[in-house]
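*Asks:* Below is a structure I'd like to ask you about.
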Amino acid sequence: MKVVLFCGGLGMRIREAGETIPKPMVSVGDRPILWHVMKYYAHFGHKDFILCLGHRAEIIKNYFVNYAEFLSNDFVLSNGGKELKVFNSDIHDWTITFAETGANSNIGQRLKAVQKYLDKEEVFLANYSDNLTDFHLPDLIEQFHRQNKTAAFLCVRPNLSCHNVSLDDDGLVQEIRSMGQSKIRINGGYFVFKRSIFDYIQDGEELVQEPFRRLIQERNLLGYAYDGFWKSMDTFKEKQELDDLYSKGVALWQLWRRPTNNGVSKDYPEKEERATVRP
């Protein structure tokens, strides 16, 4: 299935990480969060991506056009630095469509702008490109097909430090608990759509507002509850928290690095060396 990734927002709440780069290019460890999201989907076999570009689109384009495999793979440098031999490859089997969807477009408009690239897709995936999880994606897709809905998305617990408070009519506190302990769930940003989703989106509409309300009225929107690891990167503090997990070697979202029964990660099987010669 193709994967639509929304990469065009301004990312105003995380500008401390760099005002000159788009939010999806803010790094977690040594790679942009966009790369981590794409690696997640590729781990489950979904390697055909459509990037909905907007703010500072040229940075995302240049990153992949000039992609440096050696940053996340072992390599040998020889011949006075003229030859670089990389032992593994991250993106050699990815297909990436770069689509300009407007600097100020909302998510619904961005999705409509790439409809032409999805005409042959009965079902496709989508993501905000700023959240990470260790969720087993096939579970959501299987449930989506079983219930035969138009749209589905992952519903997660908010990882916020604020508290949910219940008051009685006199203003006395009845209950107080952290958001993570409450029954509240939020949109986790991992979507599955049928192509018919475009019938629900009118010009200018935001995806999760009017279109989703129409789906709800028809009982045609599926939410999949998940209580495992999920974390967004909306603020600089959240970026630091993800960096901390990465530096400690507990980046739970990196499913591709988990060993299999034979001790080799599915995304890093033993294979022949791949050579890249510098011009």
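Each chain in the structure tokens gets a letter, A, B and so on, in the order shown; residues start at 1 in every chain, and ligands are counted from 1 in the order they appear.
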Pick out the residues sitting within 6 Å of stretch 19-35 of chain A, and hand them over as a VMD selection string; count only C-alpha atoms, and ignore anything fewer than 6 positions along from it in its own chain.

*Replies:* chain A and resid 7 11 56 129 243

*Asks:* Now that the selection is made, can you save its residues with all heavy atoms as a PDB file, in the first residue's frame?

*Replies:*
```
ATOM      1  N   CYS A   7       3.859  16.546   5.231  1.00  0.00           N
ATOM      2  CA  CYS A   7       5.167  17.122   5.581  1.00  0.00           C
ATOM      3  C   CYS A   7       5.223  18.631   5.385  1.00  0.00           C
ATOM      4  O   CYS A   7       6.318  19.195   5.312  1.00  0.00           O
ATOM      5  CB  CYS A   7       6.251  16.491   4.710  1.00  0.00           C
ATOM      6  SG  CYS A   7       6.284  14.695   4.697  1.00  0.00           S
ATOM      7  N   GLY A  11       5.121  23.882  11.897  1.00  0.00           N
ATOM      8  CA  GLY A  11       5.741  23.399  13.125  1.00  0.00           C
ATOM      9  C   GLY A  11       6.101  24.518  14.081  1.00  0.00           C
ATOM     10  O   GLY A  11       7.201  24.562  14.619  1.00  0.00           O
ATOM     11  N   ARG A  56       9.249  24.975   3.339  1.00  0.00           N
ATOM     12  CA  ARG A  56      10.644  24.589   3.111  1.00  0.00           C
ATOM     13  C   ARG A  56      10.755  23.217   2.454  1.00  0.00           C
ATOM     14  O   ARG A  56      11.563  22.369   2.846  1.00  0.00           O
ATOM     15  CB  ARG A  56      11.431  24.627   4.408  1.00  0.00           C
ATOM     16  CG  ARG A  56      11.516  25.977   5.088  1.00  0.00           C
ATOM     17  CD  ARG A  56      12.000  27.111   4.165  1.00  0.00           C
ATOM     18  NE  ARG A  56      13.257  26.837   3.526  1.00  0.00           N
ATOM     19  CZ  ARG A  56      14.441  27.144   4.044  1.00  0.00           C
ATOM     20  NH1 ARG A  56      14.516  27.725   5.236  1.00  0.00           N
ATOM     21  NH2 ARG A  56      15.550  26.907   3.364  1.00  0.00           N
ATOM     22  N   SER A 129       3.551  12.409  10.249  1.00  0.00           N
ATOM     23  CA  SER A 129       5.021  12.483  10.166  1.00  0.00           C
ATOM     24  C   SER A 129       5.673  13.130  11.380  1.00  0.00           C
ATOM     25  O   SER A 129       6.810  13.584  11.292  1.00  0.00           O
ATOM     26  CB  SER A 129       5.465  13.241   8.898  1.00  0.00           C
ATOM     27  OG  SER A 129       4.952  12.643   7.747  1.00  0.00           O
ATOM     28  N   ASP A 243      15.119  12.100  21.808  1.00  0.00           N
ATOM     29  CA  ASP A 243      16.579  12.003  21.694  1.00  0.00           C
ATOM     30  C   ASP A 243      17.165  11.219  22.864  1.00  0.00           C
ATOM     31  O   ASP A 243      18.106  10.439  22.695  1.00  0.00           O
ATOM     32  CB  ASP A 243      17.200  13.405  21.656  1.00  0.00           C
ATOM     33  CG  ASP A 243      17.116  14.060  20.290  1.00  0.00           C
ATOM     34  OD1 ASP A 243      17.038  13.325  19.284  1.00  0.00           O
ATOM     35  OD2 ASP A 243      17.134  15.300  20.233  1.00  0.00           O
TER      36      ASP A 243
END
```

*Asks:* For A:Glu175, list every protein, DNA or RNA residue within 8 Å, evaluated using only C-alpha atoms, and leave out those in the same chain fewer than 5 positions away; present the list as number ranges by chain.

*Replies:* A: 165-167

*Asks:* Enumerate the residues of stretch 67-275 of chain A with a DSSP assignment of strand (DSSP E or B), computed from the backbone, and present them as a PyMOL selection string.

*Replies:* chain A and resi 75-78+83-86+95-100+123-127+131-133+151-156+163-167+173-178+186-194+221-226+230-232+274-275

*Asks:* Extract the full set of alpha helix (DSSP H) residues from stretch 64-250 of chain A according to DSSP on the backbone, and format it as a ChimeraX atom specification.

*Replies:* /A:64-65,107-113,137-147,210-217,236-247

*Asks:* Can you pull out every residue within 10 Å of stretch 44-55 of chain A, counting only C-alpha atoms, but drop anything in the same chain fewer than 5 positions away, and send it as number ranges by chain?

*Replies:* A: 1-11, 20-23, 34, 38-39, 60-61, 91, 93-105, 107, 109-111, 113-114, 117-118, 124-126, 128-129, 136-138, 255-256, 266-267

*Asks:* Next, the residues of the selection above should be written as a compact mmCIF listing (two decimals), in the first residue's frame with N, CA and C atoms.

*Replies:*
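The resulting file, part.txt, is shown below:
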```
# COMPACT_ATOMS: atom_id res chain seq x y z
N MET A 1 0.82 -1.20 0.00
CA MET A 1 0.00 0.00 0.00
C MET A 1 0.86 1.26 0.00
N LYS A 2 0.37 2.29 -0.67
CA LYS A 2 1.08 3.56 -0.63
C LYS A 2 0.86 4.25 0.72
N VAL A 3 1.83 5.07 1.09
CA VAL A 3 1.79 5.77 2.36
C VAL A 3 1.88 7.27 2.09
N VAL A 4 0.84 8.01 2.47
CA VAL A 4 0.82 9.46 2.33
C VAL A 4 1.33 10.08 3.62
N LEU A 5 2.35 10.92 3.50
CA LEU A 5 2.94 11.56 4.68
C LEU A 5 2.80 13.07 4.55
N PHE A 6 2.18 13.68 5.56
CA PHE A 6 1.93 15.12 5.56
C PHE A 6 3.16 15.83 6.11
N CYS A 7 3.86 16.55 5.23
CA CYS A 7 5.17 17.12 5.58
C CYS A 7 5.22 18.63 5.39
N GLY A 8 4.09 19.30 5.28
CA GLY A 8 4.13 20.69 4.86
C GLY A 8 3.85 21.73 5.91
N GLY A 9 3.60 21.31 7.16
CA GLY A 9 3.24 22.27 8.20
C GLY A 9 4.39 23.14 8.64
N LEU A 10 4.07 24.23 9.34
CA LEU A 10 5.08 25.17 9.81
C LEU A 10 5.79 24.70 11.07
N GLY A 11 5.12 23.88 11.90
CA GLY A 11 5.74 23.40 13.12
C GLY A 11 6.10 24.52 14.08
N THR A 20 14.66 27.32 10.54
CA THR A 20 14.89 27.29 9.10
C THR A 20 14.57 25.94 8.48
N ILE A 21 14.16 24.96 9.27
CA ILE A 21 13.87 23.64 8.71
C ILE A 21 12.42 23.26 8.98
N PRO A 22 11.81 22.48 8.08
CA PRO A 22 10.44 22.03 8.32
C PRO A 22 10.41 21.01 9.45
N LYS A 23 9.30 20.94 10.13
CA LYS A 23 9.18 20.06 11.30
C LYS A 23 9.57 18.61 11.00
N LEU A 34 10.99 12.31 10.10
CA LEU A 34 10.36 11.79 8.89
C LEU A 34 10.99 10.47 8.48
N MET A 38 9.17 6.78 8.09
CA MET A 38 9.25 6.01 6.84
C MET A 38 9.86 4.63 7.09
N LYS A 39 10.87 4.56 7.93
CA LYS A 39 11.48 3.27 8.27
C LYS A 39 10.47 2.35 8.96
N ILE A 60 13.50 19.01 2.27
CA ILE A 60 13.14 17.60 2.23
C ILE A 60 13.58 16.98 0.91
N LYS A 61 13.37 17.69 -0.18
CA LYS A 61 13.79 17.18 -1.49
C LYS A 61 15.29 16.95 -1.54
N ILE A 91 17.28 2.83 1.88
CA ILE A 91 16.17 3.26 1.03
C ILE A 91 16.29 2.79 -0.42
N ASP A 93 15.14 0.33 -1.94
CA ASP A 93 13.92 -0.22 -2.52
C ASP A 93 12.69 0.64 -2.20
N TRP A 94 12.92 1.91 -1.81
CA TRP A 94 11.80 2.82 -1.59
C TRP A 94 11.46 3.57 -2.87
N THR A 95 10.18 3.90 -3.02
CA THR A 95 9.72 4.81 -4.08
C THR A 95 9.11 6.02 -3.38
N ILE A 96 9.59 7.21 -3.73
CA ILE A 96 9.13 8.42 -3.05
C ILE A 96 8.62 9.43 -4.07
N THR A 97 7.36 9.81 -3.94
CA THR A 97 6.77 10.86 -4.77
C THR A 97 6.77 12.16 -3.98
N PHE A 98 7.36 13.21 -4.56
CA PHE A 98 7.43 14.51 -3.90
C PHE A 98 6.36 15.42 -4.51
N ALA A 99 5.36 15.77 -3.71
CA ALA A 99 4.22 16.52 -4.23
C ALA A 99 4.10 17.86 -3.51
N GLU A 100 4.11 18.95 -4.26
CA GLU A 100 3.90 20.28 -3.70
C GLU A 100 2.41 20.45 -3.40
N THR A 101 2.06 20.67 -2.14
CA THR A 101 0.65 20.76 -1.75
C THR A 101 0.29 22.10 -1.10
N GLY A 102 1.18 23.09 -1.22
CA GLY A 102 0.87 24.42 -0.72
C GLY A 102 1.48 24.71 0.63
N ALA A 103 1.95 25.93 0.79
CA ALA A 103 2.62 26.31 2.04
C ALA A 103 1.66 26.44 3.20
N ASN A 104 0.40 26.81 2.93
CA ASN A 104 -0.55 27.07 4.01
C ASN A 104 -1.77 26.15 3.98
N SER A 105 -1.68 25.06 3.27
CA SER A 105 -2.81 24.13 3.17
C SER A 105 -3.01 23.35 4.46
N ILE A 107 -4.56 19.71 6.34
CA ILE A 107 -4.34 18.30 6.03
C ILE A 107 -5.32 17.80 4.98
N GLN A 109 -6.74 19.50 2.56
CA GLN A 109 -6.34 20.04 1.26
C GLN A 109 -5.11 19.31 0.73
N ARG A 110 -4.19 19.00 1.61
CA ARG A 110 -2.98 18.28 1.17
C ARG A 110 -3.34 16.89 0.64
N LEU A 111 -4.26 16.23 1.34
CA LEU A 111 -4.67 14.90 0.88
C LEU A 111 -5.37 14.98 -0.48
N ALA A 113 -4.86 17.16 -2.72
CA ALA A 113 -3.87 17.53 -3.74
C ALA A 113 -3.13 16.33 -4.30
N VAL A 114 -3.05 15.23 -3.54
CA VAL A 114 -2.33 14.05 -4.04
C VAL A 114 -3.28 12.94 -4.46
N TYR A 117 -2.39 10.76 -7.40
CA TYR A 117 -1.37 9.74 -7.25
C TYR A 117 -1.91 8.49 -6.55
N LEU A 118 -3.20 8.52 -6.21
CA LEU A 118 -3.80 7.40 -5.48
C LEU A 118 -4.98 6.78 -6.22
N PHE A 124 -5.12 2.93 1.19
CA PHE A 124 -3.80 3.51 1.40
C PHE A 124 -3.65 3.94 2.84
N LEU A 125 -2.42 4.23 3.23
CA LEU A 125 -2.08 4.62 4.59
C LEU A 125 -1.71 6.09 4.63
N ALA A 126 -1.75 6.71 5.81
CA ALA A 126 -1.37 8.12 5.93
C ALA A 126 -0.87 8.39 7.35
N TYR A 128 0.87 11.86 10.03
CA TYR A 128 1.25 13.25 10.21
C TYR A 128 2.77 13.47 10.15
N SER A 129 3.55 12.41 10.25
CA SER A 129 5.02 12.48 10.17
C SER A 129 5.67 13.13 11.38
N HIS A 136 2.00 -2.65 16.24
CA HIS A 136 2.07 -3.62 15.14
C HIS A 136 1.04 -3.23 14.08
N LEU A 137 1.48 -2.51 13.08
CA LEU A 137 0.60 -1.91 12.08
C LEU A 137 -0.37 -2.89 11.41
N PRO A 138 0.05 -4.12 11.10
CA PRO A 138 -0.90 -5.06 10.46
C PRO A 138 -2.18 -5.28 11.26
N LEU A 255 11.47 -0.71 15.33
CA LEU A 255 11.18 -2.14 15.23
C LEU A 255 12.13 -2.85 14.29
N TRP A 256 12.65 -2.12 13.31
CA TRP A 256 13.55 -2.72 12.33
C TRP A 256 14.89 -3.12 12.94
N LYS A 266 14.97 -8.02 10.52
CA LYS A 266 14.33 -8.23 9.23
C LYS A 266 14.78 -7.22 8.19
N ASP A 267 15.07 -6.00 8.62
CA ASP A 267 15.48 -4.97 7.68
C ASP A 267 16.98 -4.96 7.43
```

*Asks:* Set the distance at 9 Å and use only C-alpha atoms: which residues neighbour A:Glu122 once local chain neighbours fewer than 6 positions away are removed? I'd like the list as a PyMOL selection string.

*Replies:* chain A and resi 1+193-196

*Asks:* Check the smallest atom-to-atom distance from each of A:Val37, A:Ala225, A:Leu132, A:Val123 to A:Leu245 using only C-alpha atoms, then report the winner.

*Replies:* A:Leu132
